>>> print(open('model28.txt').read())   # compact mmCIF, C-alpha atoms and all ligand atoms
# COMPACT_ATOMS: atom_id res chain seq x y z
CA MET E 13 23.00 -1.25 4.52
CA SER E 14 22.60 -1.74 0.77
CA LYS E 15 23.37 1.20 -1.51
CA LYS E 16 20.48 3.32 -2.75
CA ILE E 17 19.48 3.50 -6.42
CA ARG E 18 20.74 6.80 -7.85
CA VAL E 19 18.02 8.88 -9.47
CA GLY E 20 18.08 11.76 -11.98
CA ILE E 21 15.10 14.05 -12.61
CA LEU E 22 14.39 15.57 -16.04
CA GLY E 23 12.23 18.69 -15.61
CA ALA E 24 13.28 18.96 -11.96
CA THR E 25 12.25 22.61 -11.51
CA GLY E 26 8.62 22.15 -12.66
CA MET E 27 5.45 21.40 -10.69
CA VAL E 28 5.96 17.65 -11.04
CA GLY E 29 9.75 17.90 -10.63
CA GLN E 30 9.25 19.60 -7.25
CA ARG E 31 6.92 16.82 -6.14
CA PHE E 32 9.61 14.29 -7.07
CA ILE E 33 12.06 16.11 -4.83
CA GLN E 34 9.57 16.36 -1.97
CA LEU E 35 8.56 12.66 -2.22
CA LEU E 36 12.14 11.41 -2.66
CA ASP E 37 13.35 13.26 0.44
CA ASN E 38 14.44 10.40 2.77
CA HIS E 39 13.15 7.72 0.39
CA PRO E 40 14.32 4.27 1.56
CA GLU E 41 15.46 3.05 -1.89
CA PHE E 42 16.19 6.10 -4.04
CA GLU E 43 18.62 8.98 -3.73
CA VAL E 44 18.55 12.03 -6.03
CA THR E 45 21.99 12.51 -7.58
CA ALA E 46 21.31 14.55 -10.75
CA LEU E 47 18.89 17.25 -11.88
CA ALA E 48 18.10 18.57 -15.34
CA ALA E 49 15.85 21.25 -16.81
CA SER E 50 15.95 23.70 -19.75
CA GLU E 51 18.90 25.75 -20.95
CA ARG E 52 17.47 28.65 -18.92
CA SER E 53 18.38 26.75 -15.76
CA GLU E 54 21.71 25.30 -16.92
CA ALA E 55 24.53 25.52 -14.34
CA ARG E 56 22.28 27.34 -11.84
CA SER E 57 21.70 25.93 -8.38
CA PHE E 58 18.29 24.35 -7.79
CA ALA E 59 17.43 27.03 -5.20
CA GLU E 60 18.16 29.75 -7.76
CA ALA E 61 16.42 28.15 -10.73
CA CYS E 62 13.28 26.74 -9.09
CA SER E 63 10.23 28.74 -8.08
CA TRP E 64 9.30 26.33 -5.23
CA LYS E 65 5.52 26.12 -4.83
CA LEU E 66 4.99 23.34 -2.29
CA PRO E 67 3.82 23.99 1.28
CA THR E 68 6.76 22.04 2.78
CA PRO E 69 10.23 23.68 2.68
CA MET E 70 12.67 22.92 -0.14
CA PRO E 71 14.95 20.18 1.30
CA ASN E 72 18.42 21.46 2.17
CA TRP E 73 20.25 18.74 0.21
CA VAL E 74 18.76 19.93 -3.08
CA ARG E 75 19.34 23.69 -2.69
CA GLY E 76 22.94 23.71 -3.89
CA MET E 77 22.63 20.94 -6.50
CA SER E 78 23.52 22.18 -9.98
CA LEU E 79 21.16 21.79 -12.96
CA GLN E 80 22.27 20.37 -16.27
CA THR E 81 20.46 20.26 -19.62
CA CYS E 82 18.47 17.14 -20.51
CA GLN E 83 21.28 15.24 -22.22
CA THR E 84 23.20 12.10 -21.45
CA PRO E 85 25.34 11.37 -19.54
CA MET E 86 23.65 11.96 -16.18
CA ASP E 87 25.17 10.80 -12.93
CA CYS E 88 22.41 8.33 -11.98
CA ASP E 89 21.09 4.78 -12.48
CA ILE E 90 17.53 5.69 -13.57
CA VAL E 91 15.73 8.86 -14.64
CA PHE E 92 12.32 10.20 -13.77
CA SER E 93 10.98 12.39 -16.56
CA SER E 94 8.56 15.28 -16.11
CA LEU E 95 9.28 17.22 -19.27
CA PRO E 96 6.77 19.06 -21.44
CA SER E 97 5.47 16.75 -24.16
CA SER E 98 6.91 19.06 -26.84
CA MET E 99 10.35 17.59 -26.18
CA ALA E 100 9.87 14.62 -23.83
CA GLY E 101 9.50 12.03 -26.60
CA ALA E 102 12.92 12.42 -28.21
CA VAL E 103 14.74 13.14 -24.92
CA GLU E 104 13.32 10.04 -23.22
CA GLU E 105 14.27 7.85 -26.19
CA SER E 106 17.83 9.19 -26.14
CA PHE E 107 18.16 8.33 -22.43
CA ALA E 108 16.71 4.83 -22.91
CA GLN E 109 19.02 4.24 -25.84
CA ALA E 110 21.97 5.33 -23.69
CA GLY E 111 21.05 2.64 -21.14
CA TYR E 112 18.88 4.45 -18.57
CA PRO E 113 15.52 3.10 -17.40
CA VAL E 114 13.20 6.08 -17.99
CA ILE E 115 10.14 6.35 -15.76
CA SER E 116 8.03 8.98 -17.48
CA ASN E 117 5.07 11.22 -16.69
CA SER E 118 4.77 12.63 -20.17
CA SER E 119 2.15 11.55 -22.66
CA ASN E 120 4.43 10.90 -25.66
CA HIS E 121 5.01 7.16 -25.23
CA ARG E 122 1.95 6.16 -23.19
CA MET E 123 0.04 4.61 -26.05
CA SER E 124 3.03 3.00 -27.84
CA VAL E 125 2.33 -0.73 -28.21
CA ASP E 126 5.60 -1.74 -26.56
CA VAL E 127 5.52 0.71 -23.63
CA PRO E 128 3.82 -0.18 -20.33
CA LEU E 129 1.21 2.34 -19.13
CA LEU E 130 1.67 1.21 -15.61
CA VAL E 131 -0.63 1.40 -12.58
CA PRO E 132 0.93 -1.29 -10.38
CA GLU E 133 -2.29 -2.13 -8.50
CA ILE E 134 -4.01 -2.85 -11.83
CA ASN E 135 -1.51 -4.10 -14.37
CA ALA E 136 1.84 -4.97 -12.77
CA GLU E 137 2.22 -7.80 -15.31
CA HIS E 138 2.43 -5.22 -18.14
CA ILE E 139 6.10 -4.70 -17.21
CA GLU E 140 6.72 -7.84 -19.28
CA LEU E 141 6.48 -5.46 -22.26
CA ILE E 142 9.88 -4.07 -21.31
CA LYS E 143 11.70 -7.11 -22.73
CA ILE E 144 9.72 -6.81 -25.98
CA GLN E 145 10.46 -3.07 -26.14
CA GLN E 146 14.19 -3.59 -25.63
CA LYS E 147 14.33 -6.28 -28.31
CA ARG E 148 12.30 -4.27 -30.82
CA ARG E 149 14.26 -1.07 -30.30
CA GLU E 150 17.64 -2.77 -29.79
CA TRP E 151 18.07 -1.15 -26.37
CA LYS E 152 20.26 -3.28 -24.12
CA LYS E 153 19.75 -1.83 -20.62
CA GLY E 154 17.49 1.17 -21.06
CA TYR E 155 13.71 1.27 -21.49
CA ILE E 156 10.68 3.54 -21.08
CA VAL E 157 7.81 2.98 -18.67
CA THR E 158 5.00 5.54 -18.37
CA ASN E 159 2.32 6.46 -15.86
CA PRO E 160 -1.09 7.69 -17.02
CA ASN E 161 -2.45 11.17 -17.33
CA CYS E 162 -3.33 12.63 -13.90
CA THR E 163 -7.09 12.44 -14.52
CA THR E 164 -6.93 8.93 -15.95
CA VAL E 165 -5.02 7.32 -13.08
CA ALA E 166 -7.59 8.39 -10.47
CA LEU E 167 -10.41 7.13 -12.69
CA ALA E 168 -8.66 3.85 -13.57
CA LEU E 169 -8.09 2.97 -9.89
CA ALA E 170 -11.83 3.24 -9.21
CA LEU E 171 -12.83 1.44 -12.41
CA ALA E 172 -10.43 -1.52 -12.05
CA PRO E 173 -12.16 -3.37 -9.17
CA ILE E 174 -15.59 -2.63 -10.68
CA ASN E 175 -14.53 -3.95 -14.08
CA GLN E 176 -13.02 -7.05 -12.50
CA ALA E 177 -16.21 -7.87 -10.58
CA PHE E 178 -19.03 -6.69 -12.83
CA GLY E 179 -17.59 -5.79 -16.27
CA ILE E 180 -17.80 -2.18 -17.45
CA GLU E 181 -19.72 -1.37 -20.62
CA ALA E 182 -19.51 2.44 -20.69
CA VAL E 183 -18.19 5.37 -18.66
CA MET E 184 -19.22 9.03 -18.77
CA VAL E 185 -16.99 11.42 -16.81
CA SER E 186 -17.00 15.19 -16.22
CA THR E 187 -13.87 16.54 -14.59
CA MET E 188 -13.04 19.58 -12.45
CA GLN E 189 -9.25 19.82 -12.68
CA ALA E 190 -6.81 21.69 -10.46
CA LEU E 191 -4.50 24.50 -11.54
CA SER E 192 -1.28 22.64 -10.67
CA GLY E 193 -2.20 20.22 -13.49
CA ALA E 194 -1.28 22.97 -15.96
CA GLY E 195 2.27 23.33 -14.59
CA TYR E 196 3.85 26.63 -13.53
CA PRO E 197 3.00 29.46 -14.23
CA GLY E 198 0.14 27.60 -15.96
CA VAL E 199 -3.26 29.25 -16.34
CA ALA E 200 -3.28 33.08 -16.12
CA SER E 201 -5.02 34.32 -12.95
CA LEU E 202 -7.40 36.53 -14.96
CA ASP E 203 -8.55 33.46 -16.88
CA ILE E 204 -9.42 31.39 -13.80
CA ILE E 205 -10.36 33.62 -10.83
CA ASP E 206 -14.18 33.57 -10.50
CA ASN E 207 -14.30 31.22 -13.48
CA VAL E 208 -14.40 27.69 -14.94
CA VAL E 209 -12.70 26.93 -18.26
CA PRO E 210 -14.45 24.10 -20.14
CA PHE E 211 -11.43 23.10 -22.23
CA ILE E 212 -8.06 21.46 -21.49
CA ASP E 213 -6.10 20.88 -24.67
CA GLY E 214 -5.76 17.17 -25.49
CA GLU E 215 -7.11 16.01 -22.12
CA GLU E 216 -10.41 14.42 -23.17
CA LYS E 217 -8.72 12.22 -25.76
CA LYS E 218 -6.27 10.92 -23.12
CA VAL E 219 -9.04 10.16 -20.61
CA GLU E 220 -11.05 8.44 -23.34
CA SER E 221 -8.22 6.14 -24.51
CA GLU E 222 -5.77 5.43 -21.65
CA PRO E 223 -8.13 3.50 -19.30
CA GLN E 224 -8.68 0.72 -21.85
CA LYS E 225 -4.92 0.13 -22.19
CA ILE E 226 -4.43 0.22 -18.40
CA LEU E 227 -7.23 -2.27 -17.78
CA GLY E 228 -6.19 -4.37 -20.80
CA GLN E 229 -4.90 -7.95 -20.65
CA PHE E 230 -1.28 -8.83 -21.43
CA GLU E 231 -1.59 -11.70 -23.93
CA ASN E 232 0.89 -13.11 -26.46
CA GLY E 233 3.39 -10.30 -25.95
CA MET E 234 0.90 -7.48 -26.37
CA ILE E 235 -1.85 -5.65 -24.53
CA LYS E 236 -5.41 -6.40 -25.55
CA ALA E 237 -7.33 -3.24 -24.63
CA ALA E 238 -10.44 -3.49 -22.45
CA ASP E 239 -13.59 -3.12 -24.56
CA PHE E 240 -15.57 -0.36 -22.78
CA ARG E 241 -15.96 3.19 -24.07
CA VAL E 242 -15.30 6.40 -22.14
CA SER E 243 -16.81 9.82 -22.84
CA ALA E 244 -15.02 12.68 -21.05
CA GLN E 245 -15.68 16.40 -20.56
CA CYS E 246 -12.76 18.20 -18.90
CA HIS E 247 -12.86 21.53 -17.06
CA ARG E 248 -10.20 23.65 -15.34
CA VAL E 249 -11.36 25.02 -11.98
CA ASN E 250 -9.95 27.36 -9.37
CA VAL E 251 -8.49 24.67 -7.05
CA SER E 252 -4.75 24.40 -6.33
CA ASP E 253 -4.34 20.57 -6.19
CA GLY E 254 -6.73 17.64 -6.69
CA HIS E 255 -8.82 16.66 -9.69
CA THR E 256 -12.50 15.93 -9.01
CA GLU E 257 -14.43 13.70 -11.43
CA ALA E 258 -18.19 13.03 -11.67
CA VAL E 259 -18.48 9.49 -13.06
CA THR E 260 -21.47 7.53 -14.43
CA ILE E 261 -21.08 3.88 -15.44
CA LYS E 262 -22.98 1.17 -17.28
CA LEU E 263 -22.12 -2.40 -16.24
CA LYS E 264 -22.35 -5.81 -17.90
CA LYS E 265 -23.63 -7.58 -14.74
CA LYS E 266 -26.30 -6.44 -12.31
CA THR E 267 -25.13 -5.36 -8.84
CA SER E 268 -25.94 -3.03 -5.95
CA VAL E 269 -24.47 0.12 -4.43
CA ALA E 270 -23.32 -1.92 -1.41
CA GLU E 271 -21.44 -4.42 -3.61
CA LEU E 272 -19.83 -1.64 -5.65
CA ILE E 273 -18.55 -0.01 -2.47
CA GLU E 274 -17.34 -3.38 -1.16
CA VAL E 275 -15.24 -4.20 -4.24
CA MET E 276 -13.69 -0.74 -4.28
CA GLU E 277 -12.86 -0.81 -0.56
CA ASN E 278 -11.37 -4.31 -0.77
CA PHE E 279 -9.25 -3.55 -3.84
CA GLN E 280 -5.59 -4.52 -3.34
CA GLY E 281 -2.80 -5.12 -5.82
CA GLU E 282 0.87 -5.92 -6.20
CA PRO E 283 2.12 -2.75 -4.36
CA GLN E 284 0.10 -3.70 -1.28
CA ARG E 285 1.22 -7.36 -1.42
CA LEU E 286 4.86 -6.34 -1.89
CA LYS E 287 4.51 -3.56 0.73
CA LEU E 288 6.15 -1.02 -1.62
CA ALA E 289 7.26 2.13 0.20
CA SER E 290 4.82 4.49 -1.58
CA ALA E 291 1.87 2.08 -1.76
CA PRO E 292 -1.35 3.34 -0.18
CA SER E 293 -2.83 0.81 2.23
CA HIS E 294 -6.13 1.27 0.36
CA PRO E 295 -5.80 2.33 -3.29
CA VAL E 296 -9.50 3.29 -3.29
CA VAL E 297 -11.03 4.96 -0.22
CA VAL E 298 -14.82 5.32 -0.12
CA LEU E 299 -16.22 8.18 1.98
CA LYS E 300 -19.80 7.88 3.21
CA GLU E 301 -20.63 11.56 3.99
CA ASN E 302 -22.85 12.96 1.26
CA ASN E 303 -20.75 16.11 0.72
CA ARG E 304 -17.38 14.36 0.15
CA PRO E 305 -14.83 14.01 -1.40
CA GLN E 306 -13.66 17.63 -1.51
CA PRO E 307 -10.19 18.56 -2.83
CA ARG E 308 -9.07 20.73 0.08
CA LEU E 309 -10.25 18.26 2.72
CA ASP E 310 -9.54 14.88 1.15
CA ARG E 311 -6.72 15.05 -1.42
CA ASP E 312 -4.02 14.14 1.12
CA LEU E 313 -5.69 10.95 2.41
CA GLU E 314 -3.31 7.98 1.98
CA LYS E 315 -0.56 10.62 1.38
CA GLY E 316 -2.16 11.59 -1.93
CA MET E 317 -1.69 8.08 -3.38
CA ALA E 318 -5.32 6.86 -3.40
CA THR E 319 -8.48 7.60 -5.33
CA ILE E 320 -11.09 8.99 -2.95
CA VAL E 321 -14.65 8.03 -3.93
CA GLY E 322 -17.94 9.34 -2.55
CA ARG E 323 -21.65 9.66 -3.34
CA VAL E 324 -21.95 6.15 -4.81
CA ARG E 325 -25.56 5.79 -5.92
CA GLU E 326 -27.80 4.45 -8.65
CA ASP E 327 -28.16 6.44 -11.85
CA ILE E 328 -31.47 7.04 -13.60
CA ILE E 329 -30.04 6.70 -17.14
CA LEU E 330 -26.98 4.42 -16.90
CA ASP E 331 -26.47 2.10 -13.86
CA PHE E 332 -24.44 3.89 -11.15
CA ARG E 333 -22.75 7.21 -10.49
CA PHE E 334 -20.18 8.53 -8.04
CA THR E 335 -17.71 11.37 -7.48
CA LEU E 336 -13.98 10.74 -7.19
CA LEU E 337 -10.91 12.76 -6.31
CA GLY E 338 -7.23 12.18 -7.11
CA HIS E 339 -4.15 14.20 -6.16
CA ASN E 340 -2.89 15.21 -9.59
CA THR E 341 0.78 15.89 -8.81
CA ILE E 342 1.14 12.96 -6.36
CA ARG E 343 -0.81 9.87 -7.57
CA GLY E 344 -1.37 11.71 -10.87
CA ALA E 345 2.32 12.29 -11.53
CA ALA E 346 5.44 12.07 -9.30
CA GLY E 347 4.00 9.60 -6.76
CA ALA E 348 2.80 7.35 -9.57
CA ALA E 349 6.24 7.32 -11.20
CA ILE E 350 7.95 6.59 -7.87
CA LEU E 351 5.57 3.69 -7.19
CA ASN E 352 6.30 2.39 -10.70
CA ALA E 353 10.04 2.55 -9.98
CA GLU E 354 9.54 0.74 -6.65
CA LEU E 355 7.70 -2.05 -8.48
CA LEU E 356 10.42 -2.24 -11.15
CA ALA E 357 13.10 -2.45 -8.44
CA ALA E 358 11.17 -5.14 -6.55
CA LYS E 359 10.79 -7.17 -9.76
CA GLY E 360 14.49 -6.92 -10.66
CA TYR E 361 14.14 -4.48 -13.57
CA ILE E 362 16.36 -1.88 -11.91
P1 LIG E 401 6.10 22.65 -15.64
O1 LIG E 401 5.77 23.09 -14.26
O2 LIG E 401 5.86 23.60 -16.76
O3 LIG E 401 7.65 22.19 -15.66
C1 LIG E 401 8.33 21.90 -16.85
C2 LIG E 401 9.76 21.43 -16.58
O4 LIG E 401 10.37 21.11 -17.83
C3 LIG E 401 10.64 22.46 -15.91
O5 LIG E 401 11.61 21.81 -15.13
C4 LIG E 401 11.33 23.14 -17.11
O6 LIG E 401 12.61 23.66 -16.80
C5 LIG E 401 11.51 21.94 -18.03
N1 LIG E 401 11.59 22.39 -19.43
C6 LIG E 401 10.78 23.26 -20.07
N2 LIG E 401 11.19 23.43 -21.34
C7 LIG E 401 12.30 22.65 -21.49
C8 LIG E 401 13.21 22.40 -22.58
N3 LIG E 401 13.06 23.01 -23.76
N4 LIG E 401 14.23 21.52 -22.38
C9 LIG E 401 14.37 20.89 -21.20
N5 LIG E 401 13.57 21.11 -20.12
C10 LIG E 401 12.54 21.97 -20.27
O7 LIG E 401 5.30 21.31 -16.03
P2 LIG E 401 4.73 20.13 -15.09
O8 LIG E 401 3.36 20.44 -14.66
O9 LIG E 401 5.76 19.80 -14.08
O10 LIG E 401 4.57 18.95 -16.16
C11 LIG E 401 5.69 18.23 -16.68
C12 LIG E 401 5.20 17.05 -17.50
O11 LIG E 401 4.43 16.17 -16.66
C13 LIG E 401 4.28 17.44 -18.67
O12 LIG E 401 4.51 16.56 -19.75
C14 LIG E 401 2.89 17.21 -18.09
O13 LIG E 401 1.93 16.95 -19.09
C15 LIG E 401 3.14 15.97 -17.22
N6 LIG E 401 2.17 15.81 -16.12
C16 LIG E 401 1.87 16.86 -15.30
C17 LIG E 401 0.95 16.65 -14.26
C18 LIG E 401 0.55 17.74 -13.30
O14 LIG E 401 -0.39 17.51 -12.50
N7 LIG E 401 1.19 18.91 -13.31
C19 LIG E 401 0.38 15.40 -14.09
C20 LIG E 401 0.73 14.34 -14.93
C21 LIG E 401 1.63 14.57 -15.95
P3 LIG E 401 12.91 25.26 -16.58
O15 LIG E 401 12.56 25.58 -15.16
O16 LIG E 401 14.37 25.36 -16.84
O17 LIG E 401 12.07 26.00 -17.57
>>> encode(input="model28.txt", output="C-alpha cells", more="lines below")
Ligand code: NAP
Amino acid sequence: MSKKIRVGILGATGMVGQRFIQLLDNHPEFEVTALAASERSEARSFAEACSWKLPTPMPNWVRGMSLQTCQTPMDCDIVFSSLPSSMAGAVEESFAQAGYPVISNSSNHRMSVDVPLLVPEINAEHIELIKIQQKRREWKKGYIVTNPNCTTVALALALAPINQAFGIEAVMVSTMQALSGAGYPGVASLDIIDNVVPFIDGEEKKVESEPQKILGQFENGMIKAADFRVSAQCHRVNVSDGHTEAVTIKLKKKTSVAELIEVMENFQGEPQRLKLASAPSHPVVVLKENNRPQPRLDRDLEKGMATIVGRVREDIILDFRFTLLGHNTIRGAAGAAILNAELLAAKGYI
C-alpha cells in the first residue's frame, strides 16, 4: 500500500477545523499528523483544547494529539488552513514560502490574481496558476490554493451549468445563513433566538465578486472573469448548519424550466471523471417537491458535498428563480478544501 499524504491543520480546534478532522477520519489518501491553533491552545491535547460541536464523536486518534502554534515547521506534507482572516494571510504565506502547499478556506488570498479560487467541478484548469504563482513569488515547492466563501460555492455550483448552456447576464440572491458559518462561539444566543440578522460583515461583497472569478476562463496565464453581475443580500438565521439562498437569474439565451433542471442535473466535472474520494456523484441535486430544499432535511444529501436546488420556476421580472441549499462547513469549507487537495494530488501537484 502506498504511503498516505501527511496533513497539518491550521485552526484545528475551530468549527471548520473540526470538520476537517471528521472528514479526514479514515480518508484513503490523507492522514492528519499535525495540528495548530492559537497560543491559548499551545501544548494542550486536542481533547482538552477543542470544544467539539459535531454530532459524531471526536475520533480517538485525535484526542491525545498535541497542538502547536501556527508556525513552521509542521510535521506534514501539506496544510489545510481554517484560520480567522485577521491572521490567515501572513501565516499562509509563511507556510507556502517554507515549502508547504497551503489549501485555504480563508478569504485573504481568494481574489489574488495568481491564486486559484478552486471549485474542481467548474475550474479544475485554474490550478495552472500555481506555476505562475510560484514563479512570481519565488516559492519553490509551496503555494496557496483557496476555496470560495461558503455561500459562494453553493451558488457557483448551480450557476456553472446554467452559464455554460445559456449564458448568465445577472444574478440576484438573498441568503439565509446558518450559525456555524460564524464560527464558535459565533453569534450570541440573545442576538439570534427568535430573530433574523440582516447583516453579515463582508459577506455580500464576497458573494458579489467570487463567482465571476470561479466561472472565469484561464487564458494567457491569467483568469478572465465572467461578465455577469451579482447582487446579494445576506442574513443570519437560527439554523445550525446549511445556508439557504433564494436566487433569481437573467440569461443571455432563452430556455425553459425543464432545460434548466436538465443541465443542472447532468452537471459533471473533473472530480466525477477522476472519481475523487470526496466527489459527490451529482454536484447539483434538483428536488421536485415544492417545499424543498430545507436545511435540516436536505443538507446532508451527497454527504454535504452538493448544492441542493428546488422550486425552479419562471420569474416575473428577470427570467428564472430557484432556492438552493449548501452545507456551509462541508462543501462550504472543509469538504471543499479536501476535494481541492484530492484534485491537486491526482494532478501531481502534491
Ligand atoms: P472558529 O470556529 O472561530 O475557529 C478559529 C480557529 O482559529 C480556532 O482553531 C482558533 O484556535 C484559531 N485561532 C484563533 N485565533 C488565532 C490566532 N491568533 N493564531 C492562531 N490561531 C488562531 O472559525 P471557523 O468558523 O472555523 O472559521 C475559520 C476560517 O474559515 C475563517 O477564516 C472563516 O471565514 C473561514 N470559513 C468558515 C466557514 C464556516 O462555515 N464556518 C466557511 C468557509 C470559510 P483556538 O481554539 O486556539 O482559539
>>> residues_near_ligand(input="model28.txt", ligand="ligand LIG 401 (chain E)", cutoff="8 Å", atoms="all atoms listed in the file", output="PyMOL selection string")
chain E and resi 22-30+48-54+61-62+81-82+93-100+117-119+160-162+190+192-198+340-342+344-346
>>> closest_residue(input="model28.txt", among="E:Gly228, E:Pro132, E:Gly101, E:Pro173", to="Leu286 (chain E)", atoms="only C-alpha atoms")
E:Pro132
>>> atom_distance(input="model28.txt", atom1="CA of Leu66 (chain E)", atom2="CA of Leu35 (chain E)")
11.3 Å
>>> closest_residue(input="model28.txt", among="E:Leu141, E:Met276, E:Leu337, E:Leu313", to="Pro292 (chain E)", atoms="all atoms listed in the file")
E:Leu313
>>> residues_around(input="model28.txt", residues="Glu231 (chain E)", least_positions_apart="4", cutoff="10 Å", atoms="only C-alpha atoms", output="VMD selection string")
chain E and resid 138 235 to 236
>>> closest_atom_pairs(input="model28.txt", of="region 73-130 of chain E", to="region 205-227 of chain E", cutoff="8 Å", atoms="all atoms listed in the file", output="JSON lines")
{"residue": "E:Arg122", "atom": "CA", "partner": "E:Glu222", "partner_atom": "CA", "distance": 7.9}
{"residue": "E:Met123", "atom": "CA", "partner": "E:Glu222", "partner_atom": "CA", "distance": 7.3}
{"residue": "E:Leu129", "atom": "CA", "partner": "E:Ile226", "partner_atom": "CA", "distance": 6.1}
{"residue": "E:Leu130", "atom": "CA", "partner": "E:Ile226", "partner_atom": "CA", "distance": 6.8}
>>> closest_residue(input="model28.txt", among="E:Leu299, E:Ile174, E:Ile139, E:Ile90", to="Leu263 (chain E)", atoms="all atoms listed in the file")
E:Ile174
>>> axis_aligned_box(input="model28.txt", around="region 255-264 of chain E", padding_each_side="6 Å", output="AutoDock Vina command-line options")
--center_x -15.9 --center_y 5.4 --center_z -13.5 --size_x 26.2 --size_y 34.5 --size_z 20.9
>>> atom_distance(input="model28.txt", atom1="CA of Val249 (chain E)", atom2="CA of Pro67 (chain E)")
20.2 Å
>>> decode(input="model28.txt", residues="region 22-33 of chain E", atoms="N, CA, C and O atoms", output="PDB file, in the first residue's frame")
ATOM      1  N   LEU E  22      -4.271  24.063  10.271  1.00  0.00           N
ATOM      2  CA  LEU E  22      -4.135  25.344  10.971  1.00  0.00           C
ATOM      3  C   LEU E  22      -5.542  25.798  11.370  1.00  0.00           C
ATOM      4  O   LEU E  22      -6.412  25.899  10.509  1.00  0.00           O
ATOM      5  N   GLY E  23      -5.760  26.058  12.656  1.00  0.00           N
ATOM      6  CA  GLY E  23      -7.119  26.383  13.121  1.00  0.00           C
ATOM      7  C   GLY E  23      -7.899  25.116  13.401  1.00  0.00           C
ATOM      8  O   GLY E  23      -9.117  25.075  13.215  1.00  0.00           O
ATOM      9  N   ALA E  24      -7.207  24.087  13.882  1.00  0.00           N
ATOM     10  CA  ALA E  24      -7.791  22.745  14.016  1.00  0.00           C
ATOM     11  C   ALA E  24      -8.934  22.675  15.025  1.00  0.00           C
ATOM     12  O   ALA E  24      -9.798  21.804  14.916  1.00  0.00           O
ATOM     13  N   THR E  25      -8.961  23.586  16.005  1.00  0.00           N
ATOM     14  CA  THR E  25      -9.978  23.487  17.064  1.00  0.00           C
ATOM     15  C   THR E  25     -11.281  24.191  16.699  1.00  0.00           C
ATOM     16  O   THR E  25     -12.265  24.074  17.432  1.00  0.00           O
ATOM     17  N   GLY E  26     -11.308  24.928  15.583  1.00  0.00           N
ATOM     18  CA  GLY E  26     -12.488  25.730  15.227  1.00  0.00           C
ATOM     19  C   GLY E  26     -13.579  24.911  14.562  1.00  0.00           C
ATOM     20  O   GLY E  26     -13.482  23.686  14.415  1.00  0.00           O
ATOM     21  N   MET E  27     -14.653  25.589  14.166  1.00  0.00           N
ATOM     22  CA  MET E  27     -15.790  24.905  13.527  1.00  0.00           C
ATOM     23  C   MET E  27     -15.345  24.186  12.262  1.00  0.00           C
ATOM     24  O   MET E  27     -15.742  23.054  12.000  1.00  0.00           O
ATOM     25  N   VAL E  28     -14.525  24.867  11.455  1.00  0.00           N
ATOM     26  CA  VAL E  28     -14.067  24.247  10.203  1.00  0.00           C
ATOM     27  C   VAL E  28     -12.989  23.210  10.509  1.00  0.00           C
ATOM     28  O   VAL E  28     -12.971  22.125   9.925  1.00  0.00           O
ATOM     29  N   GLY E  29     -12.100  23.525  11.457  1.00  0.00           N
ATOM     30  CA  GLY E  29     -11.049  22.577  11.849  1.00  0.00           C
ATOM     31  C   GLY E  29     -11.642  21.236  12.270  1.00  0.00           C
ATOM     32  O   GLY E  29     -11.142  20.159  11.904  1.00  0.00           O
ATOM     33  N   GLN E  30     -12.726  21.281  13.042  1.00  0.00           N
ATOM     34  CA  GLN E  30     -13.377  20.033  13.492  1.00  0.00           C
ATOM     35  C   GLN E  30     -13.932  19.239  12.314  1.00  0.00           C
ATOM     36  O   GLN E  30     -13.865  18.015  12.286  1.00  0.00           O
ATOM     37  N   ARG E  31     -14.481  19.957  11.348  1.00  0.00           N
ATOM     38  CA  ARG E  31     -14.990  19.271  10.147  1.00  0.00           C
ATOM     39  C   ARG E  31     -13.848  18.585   9.400  1.00  0.00           C
ATOM     40  O   ARG E  31     -14.007  17.481   8.887  1.00  0.00           O
ATOM     41  N   PHE E  32     -12.681  19.272   9.339  1.00  0.00           N
ATOM     42  CA  PHE E  32     -11.526  18.623   8.703  1.00  0.00           C
ATOM     43  C   PHE E  32     -11.251  17.289   9.381  1.00  0.00           C
ATOM     44  O   PHE E  32     -11.060  16.264   8.722  1.00  0.00           O
ATOM     45  N   ILE E  33     -11.227  17.315  10.713  1.00  0.00           N
ATOM     46  CA  ILE E  33     -10.883  16.090  11.448  1.00  0.00           C
ATOM     47  C   ILE E  33     -11.939  15.021  11.204  1.00  0.00           C
ATOM     48  O   ILE E  33     -11.617  13.857  10.943  1.00  0.00           O
TER      49      ILE E  33
END
